[in-house]
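K.L.:
Here's a structure for you.
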Amino acid sequence: MRITGINSRDDPAGVGIRARCEALVPELRPVHDWEFREVDGRLVHAGRVDRDLDADLLVFLSRHTSVRPVPQLTVHATGNVGEAVLGGEADRAAPCSPGFMQSVLRRLAALAPPGYRASYERTHHGPTDLETPSCFVEIGSGIEQWTDPSAADAVARAVLTAGPDPLAVPLLGFGGTQYAARQTAIALSTRGAFGHIVRSIDLDRLDVGTIERLARVSGAVAAYVDRKAVQSGGQDRLAGQLEQAGLPVLGEGSLGNLGTLPWSDYAALLALAADVAPGASLRIGRLTSCPDPVPVRLDGALVAGALRGDSGGLLERFDTLPIASLVEGGRPLPILLVPSACADQIIHDLITLCVKTITGNQQTAIVGDRLIIRRDRFDPEKASALGVPQGALFGRLQRGEPVVIDGLEIRPEMVRSPCATEIFVEGLEKYL
């Protein structure tokens with residue numbers, strides 16, 4: 001990849017970063033081909049600067065200014081959501097490279113001098129009329145930091161050693177403030193790599209067309225919404241816009257659980273999950289690939305019986321199989337998504353897992369293809385006959401706690417009755 005680092009000769013931070021980059025190139029031997037250009041004036045007005053460059057990526061080496069100067073190192077894409085206050089055109093965003101930006105952010109976080117923090121910034125200034133992907137990498141936020149050799153060294157090393165993670169998932173970010181705290185944390189700990197980021201107070205400027213343009217120049221395949229930073233009404237409106245734009249919304253948990261599953265496989269699982277179980281969440285466990293997924297359905301009574309005996313353990317064992325589970329209300333549904341090529345074997349393994357979970361944790365009997373689960377359960381009629389009023393005391397007895405009524409202790413075993421549940425499993429013997 002050919003990268004051009006661009007700085008302004010009027011910016012002490014950019015001059016310092018460039019000088020340090022040129023000094024470090026022989027030592028670090030970057031895997032990318034670097035060249036450097038210096039321009040007059042502010043970089044936010046450096047429109048069309050890429051027209052005479054033979055580059056795949058532009059990295060603007062710059063300063064960051066804040067009304068409350070604090071030591072920080074930042075990275076962000078260029079563009080304007082709404083009016084153009086700091087260069088560029090209104091409602092226009094430039095192409096960017098989320099994977100490279102994520103890598104720079106991670107390197108900044110690792111190399112930041114003591115007292116400095118690393119973060120994304122929201123999309124908020126020019127130039128916007130670029131055809132080449134770009135990003136700003138900045139030292140903030142006052143003259144003391146702009147001229148700090150240790151900050152220049154950290155930024156130079158970060159940009160020269162950065163390289164896109166092949167597993168990075170390019171995202172649009174919505175919600176938060178100038179420094180995009182949640183998006184920063186996600187990019188540092190998951191595969192989520194952000195391009196353009198829109199802060200909370202600019203969300204009312206969005207429409208579907210703007211979101212589609214932001215996604216196109218970011219290469220974004222999904223979106224993340226900082227829900228705690230967006231009012232409920234704004235969340236509903238944004239959710240509708242993202243749906244129209246064809247961008248799935250991924251939560252922090254989903255991003256953190258992607259593992260090494262290819263995005264194309266995960267996207268196919270998301271679409272299938274939305275079709276077979278709308279509203280359910282997707283749990284992929286240790287799944288590393290899932291080409292051509294299909295839904296398989298287990299007997300609901302069989303899954304419920306296994307969950308009753310060992311809910312946490314069952315989920316953990318599901319995670320060891322090449323399946324994606326669908327979870328609703330914290331409990332797995334009897335619908336699993338599996339690679340079509342091995343669906344029959346996985347169905348056999350799932351039934352075996354449920355049967356062995358039941359027989360290993362509960363009193364059972366087997367009659368032909370019938371699996372009979374015997375247990376004692378709370379009997380409300382017995383409780384009422386002993387004078388226990390319905391309500392909280394019923395709940396305590398169900399939880400196995402004794403209660404006292406008119407000086408008489410009522411123990412849980414006094415209000416239980418035997419019951420049996422029969423589950424038909426065709427060919428039950430082969431699953432034992």
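Ordering of the structure tokens sets the chain letters (A, B, ...), residue numbers begin anew at 1 in every chain, and ligands are numbered from 1 in the order given.
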Need to verify the contact set: Glu409 of chain A, 12 Å, only C-alpha atoms, exclusion of same-chain residues closer than 5 positions in sequence. Can you return it as a PDB file with N, CA and C atoms, in the first residue's frame?
P.N.:
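Output file selection_20.pdb follows:
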ATOM      1  N   ALA A 383     -50.276 -25.955  49.274  1.00  0.00           N
ATOM      2  CA  ALA A 383     -49.886 -24.766  50.033  1.00  0.00           C
ATOM      3  C   ALA A 383     -51.111 -24.040  50.572  1.00  0.00           C
ATOM      4  N   LEU A 386     -52.708 -25.644  53.578  1.00  0.00           N
ATOM      5  CA  LEU A 386     -51.953 -25.421  54.821  1.00  0.00           C
ATOM      6  C   LEU A 386     -52.016 -23.975  55.276  1.00  0.00           C
ATOM      7  N   GLY A 387     -52.841 -23.152  54.589  1.00  0.00           N
ATOM      8  CA  GLY A 387     -53.051 -21.775  55.012  1.00  0.00           C
ATOM      9  C   GLY A 387     -52.075 -20.775  54.455  1.00  0.00           C
ATOM     10  N   VAL A 388     -51.292 -21.164  53.464  1.00  0.00           N
ATOM     11  CA  VAL A 388     -50.323 -20.224  52.876  1.00  0.00           C
ATOM     12  C   VAL A 388     -51.055 -19.347  51.855  1.00  0.00           C
ATOM     13  N   LEU A 393     -45.227 -15.501  49.651  1.00  0.00           N
ATOM     14  CA  LEU A 393     -44.906 -16.735  50.374  1.00  0.00           C
ATOM     15  C   LEU A 393     -44.901 -17.939  49.435  1.00  0.00           C
ATOM     16  N   LEU A 397     -41.625 -20.547  48.917  1.00  0.00           N
ATOM     17  CA  LEU A 397     -41.706 -22.001  48.927  1.00  0.00           C
ATOM     18  C   LEU A 397     -41.203 -22.602  47.607  1.00  0.00           C
ATOM     19  N   GLU A 401     -37.520 -22.260  50.152  1.00  0.00           N
ATOM     20  CA  GLU A 401     -37.377 -21.624  51.462  1.00  0.00           C
ATOM     21  C   GLU A 401     -38.595 -21.936  52.333  1.00  0.00           C
ATOM     22  N   PRO A 402     -38.428 -22.246  53.606  1.00  0.00           N
ATOM     23  CA  PRO A 402     -39.573 -22.480  54.497  1.00  0.00           C
ATOM     24  C   PRO A 402     -40.254 -21.165  54.859  1.00  0.00           C
ATOM     25  N   VAL A 403     -41.531 -21.259  55.201  1.00  0.00           N
ATOM     26  CA  VAL A 403     -42.283 -20.080  55.668  1.00  0.00           C
ATOM     27  C   VAL A 403     -43.006 -20.465  56.962  1.00  0.00           C
ATOM     28  N   VAL A 404     -43.430 -19.470  57.712  1.00  0.00           N
ATOM     29  CA  VAL A 404     -44.138 -19.708  58.971  1.00  0.00           C
ATOM     30  C   VAL A 404     -45.525 -19.092  58.866  1.00  0.00           C
ATOM     31  N   MET A 414     -43.287 -30.100  52.046  1.00  0.00           N
ATOM     32  CA  MET A 414     -44.664 -30.332  52.464  1.00  0.00           C
ATOM     33  C   MET A 414     -45.666 -29.897  51.400  1.00  0.00           C
ATOM     34  N   VAL A 415     -45.228 -29.091  50.451  1.00  0.00           N
ATOM     35  CA  VAL A 415     -46.157 -28.549  49.447  1.00  0.00           C
ATOM     36  C   VAL A 415     -45.703 -28.948  48.043  1.00  0.00           C
TER      37      VAL A 415
END
K.L.:
Pick from A:Ser66, A:Gln145, A:Thr184, A:Gln178: nearest to Ala109 of chain A, with only C-alpha atoms counted?
P.N.:
A:Thr184
K.L.:
Separation of atom CA of Glu38 of chain A and atom CA of Val81 of chain A, in Å?
P.N.:
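Atom CA of Val81 of chain A lies 27.6 Å from atom CA of Glu38 of chain A.
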K.L.:
Measure the distance from atom CA of Gly400 of chain A to atom CA of Gly309 of chain A in Å and round it to one decimal.
P.N.:
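So the two atoms, atom CA of Gly400 of chain A and atom CA of Gly309 of chain A, lie 15.9 Å apart.
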K.L.:
Quick one: everything within 8 Å of segment 44-51 of chain A, counting only C-alpha atoms, minus sequence neighbours fewer than 3 positions away in the same chain. Send it as a list in words.
P.N.:
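Listed by chain and then number, they are Gly41, Asp54, Ala55, Leu58, Leu86, Gly87, Gly88, His125, Gly126, Pro127, Thr128, Asp129, Leu130, Glu131 and Thr132 of chain A.
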K.L.:
Go through segment 115-340 of chain A and collect every residue that DSSP, computed from the backbone, puts in alpha helix (DSSP H); the answer should be as a PyMOL selection string.
P.N.:
chain A and resi 143-146+149-161+181-189+208-218+232-244+252-256+263-276+300-318
K.L.:
So that I can see what lies close to segment 137-142 of chain A, please list as a list of chain:residue names the residues with an atom at most 8 Å from it, counting only C-alpha atoms and leaving out residues fewer than 5 positions away in the same chain.
P.N.:
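The contact residues come out as A:Ala13, A:Gly14, A:Val59, A:Phe60, A:Leu61, A:Ser62, A:Arg63, A:His64, A:Thr65, A:Ser66, A:Arg68, A:Pro69, A:Val70, A:Pro71, A:Gln72, A:Leu73, A:Thr74, A:Val75, A:His76, A:Ala151, A:Ala152, A:Val155.
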K.L.:
Would you mind telling me which residue in A:Glu121, A:Asp11, A:Asp153, A:Asp275 lies nearest to Met101 of chain A when using only C-alpha atoms?
P.N.:
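Residue with the minimum atom-to-atom distance to Met101 of chain A: A:Glu121.
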K.L.:
From a backbone DSSP assignment, name each residue in segment 93-336 of chain A labelled strand (DSSP E or B), as a ChimeraX atom specification.
P.N.:
/A:93,117-120,134-141,169-174,192-198,222-225,249,281-283,293-297,324-328,331-336
K.L.:
Go ahead and save the residues from that selection, with C-alpha atoms, as a PDB file, in the first residue's frame.
P.N.:
ATOM      1  CA  ALA A  93     -17.827  13.105   3.912  1.00  0.00           C
ATOM      2  CA  ARG A 117      -5.005   9.361  26.171  1.00  0.00           C
ATOM      3  CA  ALA A 118      -5.790   7.914  22.749  1.00  0.00           C
ATOM      4  CA  SER A 119      -9.221   8.180  21.170  1.00  0.00           C
ATOM      5  CA  TYR A 120     -11.298   8.518  18.071  1.00  0.00           C
ATOM      6  CA  SER A 134      -7.729   9.390   4.358  1.00  0.00           C
ATOM      7  CA  CYS A 135      -7.623  10.038   8.061  1.00  0.00           C
ATOM      8  CA  PHE A 136      -6.288  12.656  10.458  1.00  0.00           C
ATOM      9  CA  VAL A 137      -3.877  11.637  13.213  1.00  0.00           C
ATOM     10  CA  GLU A 138      -3.417  14.441  15.695  1.00  0.00           C
ATOM     11  CA  ILE A 139      -1.612  15.622  18.816  1.00  0.00           C
ATOM     12  CA  GLY A 140      -3.754  17.638  21.206  1.00  0.00           C
ATOM     13  CA  SER A 141      -4.606  19.917  22.603  1.00  0.00           C
ATOM     14  CA  VAL A 169     -15.414  -5.153  10.669  1.00  0.00           C
ATOM     15  CA  PRO A 170     -15.931  -1.631   9.240  1.00  0.00           C
ATOM     16  CA  LEU A 171     -18.653   0.229  11.116  1.00  0.00           C
ATOM     17  CA  LEU A 172     -20.459   3.544  11.297  1.00  0.00           C
ATOM     18  CA  GLY A 173     -20.685   4.964  14.813  1.00  0.00           C
ATOM     19  CA  PHE A 174     -23.617   6.929  16.218  1.00  0.00           C
ATOM     20  CA  GLY A 192     -15.198  -3.279  15.326  1.00  0.00           C
ATOM     21  CA  ALA A 193     -13.352  -0.648  13.249  1.00  0.00           C
ATOM     22  CA  PHE A 194     -15.040   2.734  12.892  1.00  0.00           C
ATOM     23  CA  GLY A 195     -14.992   5.048   9.920  1.00  0.00           C
ATOM     24  CA  HIS A 196     -17.321   8.013  10.214  1.00  0.00           C
ATOM     25  CA  ILE A 197     -18.742   8.735  13.669  1.00  0.00           C
ATOM     26  CA  VAL A 198     -21.725  11.017  14.296  1.00  0.00           C
ATOM     27  CA  ALA A 222     -22.952  -2.464   9.996  1.00  0.00           C
ATOM     28  CA  ALA A 223     -23.537   0.226  12.621  1.00  0.00           C
ATOM     29  CA  TYR A 224     -23.015   0.665  16.337  1.00  0.00           C
ATOM     30  CA  VAL A 225     -25.264   2.962  18.368  1.00  0.00           C
ATOM     31  CA  VAL A 249     -26.968  -2.700  14.249  1.00  0.00           C
ATOM     32  CA  SER A 281     -30.147 -12.499  19.715  1.00  0.00           C
ATOM     33  CA  LEU A 282     -27.414 -14.508  18.066  1.00  0.00           C
ATOM     34  CA  ARG A 283     -24.821 -16.436  20.071  1.00  0.00           C
ATOM     35  CA  PRO A 293     -26.267 -21.788   7.195  1.00  0.00           C
ATOM     36  CA  VAL A 294     -29.642 -23.476   7.615  1.00  0.00           C
ATOM     37  CA  PRO A 295     -32.004 -23.592  10.607  1.00  0.00           C
ATOM     38  CA  VAL A 296     -32.537 -26.849  12.473  1.00  0.00           C
ATOM     39  CA  ARG A 297     -35.352 -27.278  14.961  1.00  0.00           C
ATOM     40  CA  ALA A 324     -25.104 -20.519  16.267  1.00  0.00           C
ATOM     41  CA  SER A 325     -27.693 -20.419  19.041  1.00  0.00           C
ATOM     42  CA  LEU A 326     -30.706 -18.138  19.123  1.00  0.00           C
ATOM     43  CA  VAL A 327     -31.351 -16.703  22.564  1.00  0.00           C
ATOM     44  CA  GLU A 328     -34.438 -14.939  23.839  1.00  0.00           C
ATOM     45  CA  ARG A 331     -32.618 -18.765  27.288  1.00  0.00           C
ATOM     46  CA  PRO A 332     -31.772 -20.612  24.065  1.00  0.00           C
ATOM     47  CA  LEU A 333     -34.566 -21.297  21.622  1.00  0.00           C
ATOM     48  CA  PRO A 334     -35.010 -24.801  20.138  1.00  0.00           C
ATOM     49  CA  ILE A 335     -33.851 -23.392  16.793  1.00  0.00           C
ATOM     50  CA  LEU A 336     -30.162 -23.564  15.882  1.00  0.00           C
TER      51      LEU A 336
END
K.L.:
Show me, as a PyMOL selection string, the residues that have an atom within 9 Å of Pro322 of chain A when counting only C-alpha atoms, minus same-chain residues fewer than 4 positions from it.
P.N.:
chain A and resi 284-290+318+338-339+346
K.L.:
Could you pull the residues within 12 Å of Arg205 of chain A, counting only C-alpha atoms, minus those fewer than 4 positions along the same chain, as a CSV table (one decimal) with N, CA and C atoms, in the first residue's frame?
P.N.:
chain,number,residue,atom,x,y,z
A,80,ASN,N,-18.3,16.4,7.1
A,80,ASN,CA,-19.2,17.3,7.8
A,80,ASN,C,-20.6,16.7,7.8
A,81,VAL,N,-21.2,16.5,9.0
A,81,VAL,CA,-22.6,16.1,9.1
A,81,VAL,C,-23.3,17.4,9.5
A,82,GLY,N,-23.9,18.0,8.4
A,82,GLY,CA,-24.5,19.3,8.6
A,82,GLY,C,-23.6,20.4,8.0
A,83,GLU,N,-23.6,21.6,8.7
A,83,GLU,CA,-22.8,22.7,8.1
A,83,GLU,C,-21.3,22.5,8.2
A,90,ALA,N,-20.6,21.3,3.3
A,90,ALA,CA,-21.6,20.9,4.2
A,90,ALA,C,-22.2,19.5,3.7
A,91,ASP,N,-22.5,18.6,4.7
A,91,ASP,CA,-23.2,17.4,4.4
A,91,ASP,C,-22.4,16.5,3.4
A,198,VAL,N,-20.8,9.9,14.2
A,198,VAL,CA,-21.7,11.0,14.3
A,198,VAL,C,-22.1,11.2,15.8
A,199,ARG,N,-21.8,12.3,16.3
A,199,ARG,CA,-22.1,12.5,17.8
A,199,ARG,C,-23.7,12.7,18.0
A,200,SER,N,-24.0,12.6,19.2
A,200,SER,CA,-25.5,12.6,19.6
A,200,SER,C,-26.2,13.8,19.1
A,201,ILE,N,-25.6,15.0,19.3
A,201,ILE,CA,-26.4,16.2,19.0
A,201,ILE,C,-26.5,16.4,17.5
A,209,GLY,N,-30.4,9.0,3.2
A,209,GLY,CA,-29.4,9.2,2.1
A,209,GLY,C,-28.1,9.6,2.7
A,210,THR,N,-28.1,10.4,3.8
A,210,THR,CA,-26.8,10.7,4.4
A,210,THR,C,-26.1,9.5,5.0
A,211,ILE,N,-26.9,8.6,5.6
A,211,ILE,CA,-26.4,7.4,6.2
A,211,ILE,C,-25.8,6.5,5.1
A,234,GLY,N,-34.9,9.4,19.7
A,234,GLY,CA,-33.9,9.4,18.7
A,234,GLY,C,-33.4,8.0,18.3
A,237,ARG,N,-36.0,6.6,15.8
A,237,ARG,CA,-35.8,7.2,14.5
A,237,ARG,C,-34.6,6.7,13.8
A,238,LEU,N,-33.5,6.6,14.5
A,238,LEU,CA,-32.2,6.1,13.9
A,238,LEU,C,-32.3,4.7,13.5
A,241,GLN,N,-34.0,4.5,10.2
A,241,GLN,CA,-33.1,4.9,9.1
A,241,GLN,C,-32.1,3.9,8.8
K.L.:
I'd like to know which of A:Thr320, A:Ser103, A:Gln231, A:Thr359 is closest to Gly176 of chain A, using only C-alpha atoms.
P.N.:
A:Gln231
K.L.:
So, counting only C-alpha atoms, which residue among A:Asp406, A:Glu252, A:Asp349, A:Glu413 is closest to Asp379 of chain A?
P.N.:
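The closest residue to Asp379 of chain A is A:Glu413.
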K.L.:
Could you list, as a PDB file with C-alpha atoms, in the first residue's frame, every residue within 7 Å of Asp369 of chain A, counting only C-alpha atoms and ignoring same-chain residues fewer than 2 positions away?
P.N.:
ATOM      1  CA  VAL A 367     -39.675 -46.731  27.928  1.00  0.00           C
ATOM      2  CA  LEU A 371     -37.889 -40.315  27.946  1.00  0.00           C
ATOM      3  CA  PHE A 424     -40.801 -38.654  22.598  1.00  0.00           C
ATOM      4  CA  VAL A 425     -37.387 -39.053  20.926  1.00  0.00           C
ATOM      5  CA  GLU A 426     -37.461 -41.265  17.850  1.00  0.00           C
ATOM      6  CA  GLY A 427     -34.667 -43.817  18.068  1.00  0.00           C
ATOM      7  CA  LEU A 428     -33.911 -42.742  21.636  1.00  0.00           C
TER       8      LEU A 428
END
K.L.:
Enter the distance from atom CA of Arg191 of chain A to atom CA of Asp226 of chain A, in Å, rounded to one decimal.
P.N.:
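That distance, rounded to one decimal, is 16.6 Å.
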